[in-house]
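Source file: entry-v6.cif. Holds: mmCIF, C-alpha atoms.
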data_my_file
loop_
_atom_site.label_atom_id
_atom_site.label_comp_id
_atom_site.auth_asym_id
_atom_site.auth_seq_id
_atom_site.Cartn_x
_atom_site.Cartn_y
_atom_site.Cartn_z
CA MET V 1 -53.66 179.07 -123.12
CA ASN V 2 -52.33 177.52 -126.26
CA PHE V 3 -53.63 174.53 -128.09
CA GLN V 4 -50.98 171.85 -127.71
CA TRP V 5 -51.03 169.12 -130.33
CA THR V 6 -48.96 166.91 -128.07
CA SER V 7 -51.54 167.09 -125.31
CA PHE V 8 -54.25 166.44 -127.88
CA LEU V 9 -52.50 163.34 -129.22
CA TYR V 10 -51.43 162.18 -125.79
CA ALA V 11 -55.02 162.39 -124.57
CA ILE V 12 -56.23 160.34 -127.54
CA ILE V 13 -53.53 157.70 -127.08
CA ALA V 14 -53.98 157.54 -123.32
CA PHE V 15 -57.73 157.19 -123.66
CA GLY V 16 -57.32 154.50 -126.30
CA ILE V 17 -54.97 152.48 -124.12
CA LEU V 18 -57.20 153.03 -121.10
CA TYR V 19 -60.23 151.84 -123.04
CA TYR V 20 -58.38 148.75 -124.23
CA LEU V 21 -57.06 147.86 -120.78
CA LEU V 22 -60.31 148.49 -118.98
CA ASN V 23 -62.32 146.63 -121.57
CA LYS V 24 -60.02 143.65 -121.34
CA TYR V 25 -59.14 143.46 -117.66
CA ALA V 26 -61.91 145.29 -115.81
CA PHE V 27 -65.21 145.56 -117.63
CA GLY V 28 -65.02 142.26 -119.46
CA PRO V 29 -64.82 140.21 -116.25
CA LEU V 30 -67.33 142.54 -114.58
CA PHE V 31 -69.87 142.04 -117.36
CA GLY V 32 -69.16 138.33 -117.21
CA ILE V 33 -69.88 138.26 -113.49
CA MET V 34 -73.05 140.28 -113.93
CA GLU V 35 -74.19 137.95 -116.68
CA LYS V 36 -73.35 134.98 -114.47
CA ARG V 37 -75.38 136.46 -111.65
CA ARG V 38 -78.29 137.00 -114.01
CA GLN V 39 -78.05 133.36 -115.05
CA LEU V 40 -77.80 132.27 -111.41
CA ILE V 41 -80.91 134.18 -110.44
CA LEU V 42 -82.76 132.82 -113.43
CA GLN V 43 -81.67 129.31 -112.52
CA GLN V 44 -82.66 129.75 -108.90
CA MET V 45 -86.05 131.07 -109.88
CA GLU V 46 -86.51 128.11 -112.18
CA SER V 47 -85.52 125.63 -109.50
CA ALA V 48 -87.79 127.36 -107.00
CA GLU V 49 -90.65 127.03 -109.44
CA GLN V 50 -89.80 123.37 -109.96
CA ASN V 51 -89.65 122.78 -106.21
CA ARG V 52 -93.02 124.39 -105.79
CA LYS V 53 -94.52 122.15 -108.44
CA GLU V 54 -92.95 119.08 -106.86
CA LEU V 55 -94.29 120.08 -103.47
CA GLU V 56 -97.74 120.50 -104.89
CA LYS V 57 -97.50 117.06 -106.43
CA HIS V 58 -96.37 115.55 -103.15
CA LEU V 59 -99.15 117.27 -101.29
CA GLU V 60 -101.67 115.87 -103.74
CA GLU V 61 -100.17 112.41 -103.32
CA GLN V 62 -100.27 112.65 -99.57
CA LYS V 63 -103.87 113.74 -99.65
CA GLN V 64 -104.69 110.74 -101.77
CA VAL V 65 -102.81 108.38 -99.48
CA LEU V 66 -104.57 109.83 -96.46
CA GLN V 67 -107.92 109.38 -98.16
CA GLU V 68 -107.11 105.78 -98.94
CA ALA V 69 -105.94 105.08 -95.42
CA ARG V 70 -109.11 106.57 -94.04
CA LYS V 71 -111.22 104.46 -96.33
CA GLU V 72 -109.29 101.33 -95.38
CA ALA V 73 -109.64 102.05 -91.68
CA TYR V 74 -113.37 102.56 -92.08
CA GLU V 75 -113.67 99.27 -93.91
CA MET V 76 -111.68 97.48 -91.26
CA ILE V 77 -113.88 98.86 -88.51
CA GLU V 78 -116.98 97.84 -90.40
CA GLN V 79 -115.65 94.35 -90.92
CA ALA V 80 -114.68 94.04 -87.26
CA LYS V 81 -118.16 95.18 -86.28
CA ARG V 82 -119.74 92.62 -88.56
CA THR V 83 -117.46 89.82 -87.30
CA GLY V 84 -118.14 90.75 -83.71
CA ALA V 85 -121.88 90.73 -84.18
CA ARG V 86 -121.75 87.35 -85.87
CA GLN V 87 -119.56 85.89 -83.17
CA ALA V 88 -121.82 87.18 -80.46
CA GLU V 89 -124.79 85.64 -82.15
CA GLU V 90 -122.97 82.34 -82.50
CA ILE V 91 -122.00 82.35 -78.85
CA VAL V 92 -125.56 83.13 -77.80
CA GLN V 93 -126.85 80.39 -80.07
CA ALA V 94 -124.38 77.88 -78.69
CA ALA V 95 -125.26 78.83 -75.14
CA ARG V 96 -128.93 78.51 -75.87
CA GLU V 97 -128.42 75.08 -77.43
CA GLU V 98 -126.32 73.96 -74.51
CA ALA V 99 -128.91 75.17 -72.09
CA SER V 100 -131.74 73.34 -73.84
CA ARG V 101 -129.65 70.21 -74.07
CA LEU V 102 -128.89 70.36 -70.36
CA ARG V 103 -132.53 70.90 -69.55
CA GLU V 104 -133.60 67.97 -71.63
CA GLU V 105 -130.97 65.80 -70.05
CA ALA V 106 -132.11 66.82 -66.63
CA LEU V 107 -135.72 66.13 -67.55
CA ARG V 108 -134.78 62.74 -68.86
CA ASP V 109 -132.80 61.97 -65.71
CA ILE V 110 -135.71 63.05 -63.56
CA GLU V 111 -138.03 60.79 -65.58
CA ASN V 112 -135.61 57.88 -65.27
CA GLU V 113 -135.20 58.36 -61.56
CA LYS V 114 -138.89 58.66 -61.14
CA ASN V 115 -139.52 55.47 -63.09
CA LYS V 116 -136.79 53.67 -61.15
CA ALA V 117 -138.22 54.85 -57.89
CA LEU V 118 -141.68 53.81 -58.98
CA ALA V 119 -140.45 50.37 -59.96
CA ALA V 120 -138.59 49.95 -56.66
CA LEU V 121 -141.59 51.18 -54.78
CA LYS V 122 -143.81 48.79 -56.71
CA ALA V 123 -141.52 45.89 -55.83
CA GLN V 124 -141.26 46.79 -52.14
CA VAL V 125 -144.88 47.62 -51.81
CA GLY V 126 -145.63 44.25 -53.45
CA GLY V 127 -143.38 42.37 -50.97
CA LEU V 128 -144.67 44.32 -48.01
CA SER V 129 -148.29 43.77 -49.05
CA VAL V 130 -147.67 40.08 -49.35
CA LEU V 131 -146.03 40.03 -45.97
CA ILE V 132 -148.71 42.12 -44.37
CA ALA V 133 -151.47 40.15 -46.09
CA SER V 134 -150.01 36.76 -45.15
CA LYS V 135 -149.53 37.93 -41.58
CA ILE V 136 -152.90 39.53 -41.11
CA ILE V 137 -155.09 37.17 -42.96
CA GLU V 138 -152.91 34.14 -42.50
CA LYS V 139 -154.99 32.52 -45.03
CA GLN V 140 -153.83 30.27 -47.73
CA ILE V 141 -154.29 31.88 -51.01
CA ASP V 142 -152.75 30.80 -54.18
CA GLU V 143 -150.17 32.78 -55.81
CA LYS V 144 -152.40 33.81 -58.63
CA SER V 145 -155.15 35.37 -56.59
CA HIS V 146 -152.42 37.11 -54.56
CA GLN V 147 -150.99 38.65 -57.63
CA GLU V 148 -154.39 39.82 -58.85
CA LEU V 149 -155.08 41.37 -55.52
CA ILE V 150 -151.68 43.14 -55.40
CA ASP V 151 -152.07 44.49 -58.90
CA HIS V 152 -155.49 45.73 -57.99
CA TYR V 153 -154.14 47.65 -54.98
CA LEU V 154 -151.13 48.95 -56.82
CA GLN V 155 -153.37 50.22 -59.57
CA GLU V 156 -155.29 52.11 -57.00
CA VAL V 157 -152.06 53.45 -55.44
CA GLY V 158 -150.72 54.45 -58.88
CA ASN V 159 -153.93 56.29 -59.64
CA ARG V 160 -153.85 58.21 -56.41
CA SER V 161 -150.29 59.14 -56.58
CA MET S 1 -53.05 183.78 -113.94
CA HIS S 2 -50.58 180.94 -113.76
CA GLU S 3 -48.72 179.84 -116.82
CA PHE S 4 -48.49 176.20 -117.80
CA PRO S 5 -45.03 174.74 -118.20
CA VAL S 6 -44.47 173.99 -121.87
CA VAL S 7 -41.19 172.50 -122.98
CA HIS S 8 -40.08 172.38 -126.57
CA ILE S 9 -38.30 169.34 -127.93
CA GLY S 10 -37.39 169.54 -131.57
CA GLY S 11 -39.81 172.41 -132.09
CA ILE S 12 -42.75 170.44 -130.67
CA GLY S 13 -44.34 171.80 -127.54
CA PHE S 14 -45.13 169.53 -124.63
CA ASP S 15 -47.44 170.84 -121.94
CA LEU S 16 -45.92 169.09 -118.94
CA SER S 17 -48.85 169.82 -116.62
CA SER S 18 -51.35 168.29 -119.06
CA ILE S 19 -49.18 165.26 -119.63
CA ILE S 20 -48.75 164.75 -115.88
CA ALA S 21 -52.49 165.22 -115.30
CA ILE S 22 -53.49 162.81 -118.05
CA THR S 23 -51.03 160.22 -116.77
CA VAL S 24 -52.27 160.56 -113.19
CA SER S 25 -55.92 160.32 -114.27
CA PHE S 26 -55.06 157.35 -116.43
CA VAL S 27 -53.34 155.55 -113.54
CA ILE S 28 -56.07 156.37 -110.99
CA THR S 29 -58.84 155.23 -113.33
CA LEU S 30 -56.99 152.04 -114.18
CA VAL S 31 -56.11 151.22 -110.57
CA LEU S 32 -59.62 151.99 -109.37
CA ALA S 33 -61.19 149.83 -112.05
CA LEU S 34 -58.75 146.97 -111.47
CA LEU S 35 -59.24 147.19 -107.69
CA ALA S 36 -62.98 147.09 -108.20
CA VAL S 37 -62.80 143.89 -110.21
CA ARG S 38 -60.03 142.26 -108.17
CA ASN S 39 -62.24 139.94 -106.16
CA LEU S 40 -65.22 139.47 -108.38
CA SER S 41 -67.96 137.40 -106.85
CA VAL S 42 -71.32 136.31 -108.14
CA ASP S 43 -73.16 136.00 -104.85
CA ASN S 44 -71.12 138.12 -102.46
CA PRO S 45 -69.92 141.28 -104.21
CA SER S 46 -67.62 143.69 -102.38
CA LYS S 47 -68.59 147.32 -101.84
CA LEU S 48 -66.36 148.50 -104.66
CA GLN S 49 -67.76 145.85 -106.98
CA ASN S 50 -71.25 146.95 -106.06
CA PHE S 51 -70.32 150.50 -106.92
CA MET S 52 -68.86 149.43 -110.26
CA GLU S 53 -71.97 147.43 -111.02
CA TRP S 54 -74.05 150.45 -110.18
CA VAL S 55 -71.96 152.45 -112.68
CA VAL S 56 -72.47 149.73 -115.28
CA GLU S 57 -76.23 149.80 -114.66
CA PHE S 58 -76.20 153.58 -114.82
CA VAL S 59 -74.32 153.72 -118.12
CA HIS S 60 -76.38 150.83 -119.43
CA ASN S 61 -79.60 152.70 -118.65
CA THR S 62 -78.15 155.81 -120.24
CA ILE S 63 -77.39 153.91 -123.42
CA ALA S 64 -80.55 151.82 -123.36
CA SER S 65 -82.63 154.96 -123.20
CA THR S 66 -81.19 156.07 -126.53
CA MET S 67 -80.62 152.83 -128.42
CA PRO S 68 -81.88 149.25 -128.54
CA LEU S 69 -80.60 146.97 -125.80
CA GLU S 70 -78.78 144.37 -127.89
CA LYS S 71 -76.77 147.04 -129.67
CA ALA S 72 -75.96 148.89 -126.47
CA LYS S 73 -73.79 146.22 -124.84
CA ARG S 74 -70.84 147.00 -127.09
CA TYR S 75 -70.79 150.64 -126.08
CA ILE S 76 -71.13 150.20 -122.33
CA SER S 77 -67.37 149.74 -122.02
CA LEU S 78 -66.77 152.93 -123.95
CA GLY S 79 -69.32 154.80 -121.90
CA MET S 80 -67.85 153.54 -118.64
CA THR S 81 -64.32 154.41 -119.65
CA LEU S 82 -65.49 157.88 -120.66
CA ILE S 83 -67.50 158.57 -117.54
CA MET S 84 -64.81 157.26 -115.17
CA PHE S 85 -61.90 158.93 -116.91
CA ILE S 86 -63.66 162.27 -117.25
CA PHE S 87 -65.07 162.25 -113.74
CA ILE S 88 -61.70 161.45 -112.19
CA SER S 89 -60.06 164.03 -114.47
CA ASN S 90 -62.58 166.66 -113.40
CA LEU S 91 -61.91 166.04 -109.73
CA LEU S 92 -58.16 165.89 -110.13
CA GLY S 93 -57.58 169.65 -110.01
CA LEU S 94 -59.87 170.28 -107.04
CA PRO S 95 -58.07 169.18 -103.87
CA PHE S 96 -54.77 171.04 -104.27
CA GLY S 97 -52.45 172.82 -106.65
CA ILE S 98 -48.73 172.74 -107.24
CA VAL S 99 -47.36 176.10 -108.27
CA THR S 100 -43.72 177.06 -108.76
CA GLU S 101 -42.89 180.74 -108.82
CA VAL S 102 -40.11 182.47 -110.61
CA SER S 103 -38.59 185.05 -108.34
CA GLU S 104 -38.02 188.63 -109.49
CA SER S 105 -34.33 188.21 -109.14
CA HIS S 106 -34.25 185.22 -111.45
CA HIS S 107 -32.59 185.95 -114.76
CA GLY S 108 -31.99 183.73 -117.72
CA PRO S 109 -34.13 180.86 -118.92
CA VAL S 110 -36.39 178.79 -116.66
CA THR S 111 -35.61 175.11 -117.07
CA VAL S 112 -36.92 171.79 -115.86
CA ALA S 113 -34.60 168.80 -115.99
CA GLY S 114 -32.50 170.58 -118.55
CA LEU S 115 -35.48 171.44 -120.73
CA GLU S 116 -36.37 175.07 -121.30
CA ILE S 117 -39.82 176.23 -120.20
CA ALA S 118 -39.29 179.91 -120.83
CA SER S 119 -36.41 181.49 -122.65
CA ALA S 120 -34.26 184.20 -121.10
CA ASP S 121 -35.95 186.80 -123.27
CA GLU S 122 -39.40 185.83 -122.11
CA VAL S 123 -38.35 185.97 -118.48
CA GLU S 124 -36.82 189.39 -118.94
CA LYS S 125 -39.90 190.62 -120.74
CA ALA S 126 -42.14 189.41 -117.93
CA HIS S 127 -39.97 191.13 -115.37
CA GLU S 128 -40.03 194.33 -117.35
CA ASP S 129 -43.82 194.21 -117.62
CA GLY S 130 -44.06 193.71 -113.88
CA LYS S 131 -45.70 190.34 -114.50
CA HIS S 132 -45.47 187.66 -111.87
CA LEU S 133 -44.26 184.44 -113.44
CA ALA S 134 -45.66 181.26 -111.89
CA TYR S 135 -46.17 177.80 -113.27
CA ALA S 136 -49.03 175.51 -112.32
CA TRP S 137 -48.00 171.88 -112.40
CA TRP S 138 -51.20 170.36 -111.17
CA LYS S 139 -54.58 170.68 -112.83
CA SER S 140 -57.49 168.72 -114.22
CA PRO S 141 -56.58 167.34 -117.63
CA THR S 142 -60.08 168.33 -118.72
CA ALA S 143 -59.23 171.95 -117.91
CA ASP S 144 -57.06 171.85 -121.02
CA LEU S 145 -58.80 172.42 -124.34
CA SER S 146 -56.32 170.14 -126.12
CA VAL S 147 -57.34 167.20 -123.96
CA THR S 148 -61.10 167.71 -124.24
CA ALA S 149 -60.65 168.21 -127.98
CA GLY S 150 -58.82 164.89 -128.07
CA LEU S 151 -61.68 163.14 -126.31
CA ALA S 152 -64.26 164.85 -128.51
CA SER S 153 -62.35 163.90 -131.66
CA ILE S 154 -62.34 160.25 -130.56
CA VAL S 155 -66.12 160.45 -130.28
CA PHE S 156 -66.36 162.30 -133.59
CA VAL S 157 -64.28 159.75 -135.48
CA LEU S 158 -66.05 156.82 -133.79
CA VAL S 159 -69.52 158.16 -134.50
CA HIS S 160 -68.86 158.72 -138.18
CA TYR S 161 -66.96 155.47 -138.58
CA LEU S 162 -69.87 153.55 -137.04
CA GLY S 163 -72.36 155.50 -139.14
CA LEU S 164 -70.47 154.79 -142.35
CA THR S 165 -69.86 151.10 -141.72
CA GLN S 166 -73.02 149.98 -139.96
CA ASN S 167 -75.72 152.16 -141.39
CA THR S 168 -74.21 153.48 -144.61
CA ARG S 169 -77.25 154.36 -146.67
CA HIS S 170 -79.22 155.96 -143.88
CA TYR S 171 -76.12 157.74 -142.60
CA LEU S 172 -75.32 159.32 -145.97
CA LYS S 173 -78.92 160.21 -146.63
CA HIS S 174 -79.38 162.02 -143.35
CA TYR S 175 -77.14 164.86 -144.59
CA PHE S 176 -79.84 165.72 -147.12
CA LYS S 177 -82.77 165.52 -144.77
CA PRO S 178 -85.36 166.87 -144.82
CA TYR S 179 -84.45 168.63 -148.12
CA PRO S 180 -81.18 168.64 -150.07
CA ILE S 181 -80.90 172.37 -149.44
CA PHE S 182 -80.28 171.61 -145.78
CA PHE S 183 -76.95 169.98 -146.61
CA PRO S 184 -74.76 172.90 -145.43
CA ILE S 185 -76.73 173.15 -142.19
CA ASN S 186 -76.35 169.44 -141.58
CA ILE S 187 -72.61 169.67 -142.21
CA LEU S 188 -72.44 172.58 -139.81
CA GLU S 189 -74.35 170.59 -137.22
CA THR S 190 -71.99 167.66 -137.64
CA LEU S 191 -69.00 169.89 -137.14
CA THR S 192 -70.39 171.73 -134.15
CA LYS S 193 -71.21 168.56 -132.27
CA PRO S 194 -67.61 167.66 -131.31
CA LEU S 195 -66.78 171.34 -130.92
CA THR S 196 -69.50 171.89 -128.34
CA LEU S 197 -68.63 168.59 -126.69
CA ALA S 198 -65.01 169.67 -126.22
CA LEU S 199 -65.71 173.30 -125.34
CA ARG S 200 -68.49 172.56 -122.84
CA LEU S 201 -66.33 170.20 -120.83
CA PHE S 202 -63.25 172.38 -121.03
CA ALA S 203 -65.07 175.58 -120.16
CA ASN S 204 -66.86 174.17 -117.14
CA ILE S 205 -63.77 172.63 -115.57
CA PHE S 206 -61.43 175.44 -116.54
CA ALA S 207 -63.81 178.04 -115.12
CA GLY S 208 -63.98 176.06 -111.91
CA GLU S 209 -60.21 176.01 -111.61
CA VAL S 210 -59.89 179.68 -112.46
CA LEU S 211 -62.38 180.50 -109.73
CA ILE S 212 -60.47 178.33 -107.27
CA SER S 213 -57.21 180.14 -107.98
CA THR S 214 -59.05 183.45 -107.73
CA ILE S 215 -60.55 182.50 -104.38
CA LEU S 216 -57.06 181.51 -103.22
CA LEU S 217 -56.06 185.16 -103.62
CA LEU S 218 -58.48 185.96 -100.77
CA ASP S 219 -56.15 184.13 -98.39
CA VAL S 220 -57.75 182.98 -95.10
CA PHE S 221 -61.09 184.70 -95.75
CA GLY S 222 -61.63 182.57 -98.83
CA ILE S 223 -61.61 179.22 -97.02
CA PRO S 224 -65.41 178.83 -96.54
CA LEU S 225 -66.00 180.07 -100.05
CA LEU S 226 -63.36 177.66 -101.33
CA GLY S 227 -65.04 174.76 -99.55
CA ILE S 228 -68.40 175.64 -101.06
CA TRP S 229 -66.97 176.05 -104.52
CA GLN S 230 -65.00 172.80 -104.35
CA GLY S 231 -68.17 170.97 -103.33
CA PHE S 232 -70.01 172.56 -106.21
CA SER S 233 -67.15 171.67 -108.53
CA ILE S 234 -67.53 168.00 -107.62
CA PHE S 235 -71.15 168.29 -108.66
CA VAL S 236 -70.21 170.10 -111.87
CA GLY S 237 -67.54 167.49 -112.59
CA ALA S 238 -70.05 164.67 -112.19
CA ILE S 239 -72.62 166.46 -114.35
CA GLN S 240 -70.09 167.15 -117.09
CA ALA S 241 -68.82 163.58 -117.11
CA PHE S 242 -72.41 162.34 -117.31
CA LEU S 243 -73.25 164.86 -120.03
CA PHE S 244 -70.23 163.99 -122.14
CA THR S 245 -71.03 160.29 -121.89
CA ILE S 246 -74.74 160.55 -122.61
CA LEU S 247 -74.15 162.90 -125.56
CA THR S 248 -71.61 160.46 -126.96
CA MET S 249 -74.18 157.69 -126.68
CA VAL S 250 -76.86 159.84 -128.29
CA TYR S 251 -74.57 160.63 -131.22
CA ILE S 252 -73.64 156.98 -131.63
CA SER S 253 -77.27 155.91 -131.57
CA GLN S 254 -78.20 158.63 -134.04
CA ALA S 255 -75.53 157.46 -136.43
CA THR S 256 -76.10 153.72 -136.10
CA VAL S 257 -79.80 153.18 -135.51
CA HIS S 258 -81.89 152.91 -138.61
CA GLU S 259 -85.19 154.59 -138.04
CA GLU S 260 -87.96 152.74 -139.84
CA GLY S 261 -90.27 155.73 -139.86
CA HIS S 262 -88.10 157.77 -142.25
#
Take the structure I supplied and represent it as structure tokens, if you would.
Amino acid sequence: MNFQWTSFLYAIIAFGILYYLLNKYAFGPLFGIMEKRRQLILQQMESAEQNRKELEKHLEEQKQVLQEARKEAYEMIEQAKRTGARQAEEIVQAAREEASRLREEALRDIENEKNKALAALKAQVGGLSVLIASKIIEKQIDEKSHQELIDHYLQEVGNRS
Amino acid sequence: MHEFPVVHIGGIGFDLSSIIAITVSFVITLVLALLAVRNLSVDNPSKLQNFMEWVVEFVHNTIASTMPLEKAKRYISLGMTLIMFIFISNLLGLPFGIVTEVSESHHGPVTVAGLEIASADEVEKAHEDGKHLAYAWWKSPTADLSVTAGLASIVFVLVHYLGLTQNTRHYLKHYFKPYPIFFPINILETLTKPLTLALRLFANIFAGEVLISTILLLDVFGIPLLGIWQGFSIFVGAIQAFLFTILTMVYISQATVHEEGH
């Protein structure tokens, strides 16, 4: 086993060249890729964090919108209730008014008819009385005493009726 | 024990097995790393990419445990190259061996592609001594002290260069801590660091390979033992690669990090 200077030098030179080549063509790109991956992961983590924040914001917004919608719906229902109640009242009122008007009209009609009937009755009863009186009594009475007599009877009839 | 084929060109020795082993480790490491980063993807990494990223994380944690994070990034590449190259180197000698034997009847020099490995005299001498000449062509590069010394010297030079340029005052002062009289001890410590780094790696892997070739002498009966030892050697190889890398990082952090408390 001798110490060979050529082997010694050859080892140094070979290692130097190997280091240069590996550093340039193998480890350089490898480190670059590893660094790139580190950056990628960092970036992805950042974007994930950003997405999470955005989601939270959206959720908050949606909650708010939901709250507003609920409030609006409640208001609408309330308003509808109020409108309905008012309308019902109006309808009832109108019906009541109509009913009272109809009743009054009917009463008036009844009164009219009654009056008319009374007048007609008065006239017929008057004629009939005259006829009956002139036939039964067959006595000449002047028109005036006739009238007084008729009125007197009619008054009695009116009071009884 | 097998010899290693050493050729001499212009009086300079070349250990062919080491050179082959380093080249193979170099190519495997490079191909593996390039394959791993071939289809890089941010969100859908392949299995190999996942493994590489695990190694990066592992080395990163190793470094981050000994030095501040922002400083560490620059040394991850170095750490990864070290751990991959050494781990692959450690495993290289495990699966098989290539041994050429020189027969007893062979006379004259042993040559490879016209280059002399052993001279005629050496061959004759070996024959006379009754020695069996065999050359191992395949081994872990880290089973060669020259190679581990090369790696350790890279770390040594780097550590002291970084210490001098980035942390000059603190670096120079630490040789005289805690008292100036400790200077020789500190120098000794500085010198032993790369020495232990190189020797630890070399010794572990070399011992493993020696044991493998010893077990091979047992023939068929050695197979279960060989399996166990090879499995253990994978573990040792991983541990040594990890140790070499983490020690390098510790030395770098010691040299570059200014400690406020001192």
Contact table chain V vs chain S, cut-off 6 Å, shortest pair per residue, only C-alpha atoms, as a Markdown table:
| residue | atom | partner | partner_atom | distance |
| --- | --- | --- | --- | --- |
| V:Phe3 | CA | S:Ser146 | CA | 5.5 |
| V:Gln4 | CA | S:Ser146 | CA | 5.8 |
| V:Thr6 | CA | S:Phe14 | CA | 5.8 |
| V:Ser7 | CA | S:Ser146 | CA | 5.7 |
| V:Phe8 | CA | S:Ser146 | CA | 4.6 |
| V:Ala11 | CA | S:Val147 | CA | 5.4 |
| V:Ile12 | CA | S:Gly150 | CA | 5.3 |
| V:Tyr19 | CA | S:Thr81 | CA | 5.9 |
| V:Asn23 | CA | S:Ser77 | CA | 5.9 |
| V:Ala26 | CA | S:Leu34 | CA | 5.6 |
| V:Ile33 | CA | S:Val42 | CA | 5.9 |
| V:Arg37 | CA | S:Val42 | CA | 5.4 |
Q: Kindly give the distance, in Å, that separates CA of Lys63 (chain V) and CA of Gln50 (chain V), rounded to a single decimal.
A: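 Calculated distance between CA of Lys63 (chain V) and CA of Gln50 (chain V) is 19.9 Å.
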Q.
Between CA of Pro5 (chain S) and CA of Trp138 (chain S), what is the distance in Å, rounded to a tenth?
A.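 Spanning CA of Pro5 (chain S) to CA of Trp138 (chain S) is a straight-line distance of 10.3 Å.
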Q. Quick one, how far is CA of Gly10 (chain S) from CA of Leu9 (chain V)?
A.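 Atom-to-atom, CA of Gly10 (chain S) and CA of Leu9 (chain V) are spaced 16.5 Å apart.
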Output as lines of an AutoDock Vina configuration file the centre and edge lengths (Å, one decimal) of the box along x, y and z of the file that holds every listed atom of region 184-199 of chain S after adding 5 Å on each side.
center_x = -70.9
center_y = 170.5
center_z = -135.4
size_x = 21.7
size_y = 15.6
size_z = 30.1
(Q) Expand the PyMOL selection byres ((chain S and resi 167-183) around 10) into the explicit residue set it covers here, and present it as number ranges by chain. (A) S: 160-166, 184-190, 254-259, 262
Q. Of the candidates S:Ile20, S:Ala120, S:Ile205, S:Ile9, which one gets nearest to Ala238 (chain S) if we count all atoms listed in the file?
A. S:Ile205
Q: Name every residue that the PyMOL selection byres ((chain S and resi 96) around 12) selects in this structure, writing the answer as a PyMOL selection string with chains first and numbers rising.
A: chain S and resi 91-95+97-99+136-140+209+212-213+216+226-227+230
Q) Using all atoms listed in the file, which of the listed residues (S:Phe202, S:Gly222, S:Leu217, S:Ser46) sits closest to Ile86 (chain S)? A)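 That would be S:Phe202, the residue with the smallest distance to Ile86 (chain S).
This file, filtered with the PyMOL selection byres ((chain S and resi 246) around 10), gives the residues Val59, Thr62, Ile63, Ser65, Thr66, Gly79, Leu82, Ile83, Gln240, Ala241, Phe242, Leu243, Phe244, Thr245, Leu247, Thr248, Met249, Val250, Tyr251 and Ile252 of chain S.
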Go ahead and dump the residues you just picked, C-alpha atoms, as a short mmCIF file (atom, residue, chain, number, x, y, z; two decimals), in the coordinates of the input.
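Dumped to part26.cif:
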data_model
loop_
_atom_site.label_atom_id
_atom_site.label_comp_id
_atom_site.auth_asym_id
_atom_site.auth_seq_id
_atom_site.Cartn_x
_atom_site.Cartn_y
_atom_site.Cartn_z
CA VAL S 59 -74.32 153.72 -118.12
CA THR S 62 -78.15 155.81 -120.24
CA ILE S 63 -77.39 153.91 -123.42
CA SER S 65 -82.63 154.96 -123.20
CA THR S 66 -81.19 156.07 -126.53
CA GLY S 79 -69.32 154.80 -121.90
CA LEU S 82 -65.49 157.88 -120.66
CA ILE S 83 -67.50 158.57 -117.54
CA GLN S 240 -70.09 167.15 -117.09
CA ALA S 241 -68.82 163.58 -117.11
CA PHE S 242 -72.41 162.34 -117.31
CA LEU S 243 -73.25 164.86 -120.03
CA PHE S 244 -70.23 163.99 -122.14
CA THR S 245 -71.03 160.29 -121.89
CA LEU S 247 -74.15 162.90 -125.56
CA THR S 248 -71.61 160.46 -126.96
CA MET S 249 -74.18 157.69 -126.68
CA VAL S 250 -76.86 159.84 -128.29
CA TYR S 251 -74.57 160.63 -131.22
CA ILE S 252 -73.64 156.98 -131.63
#
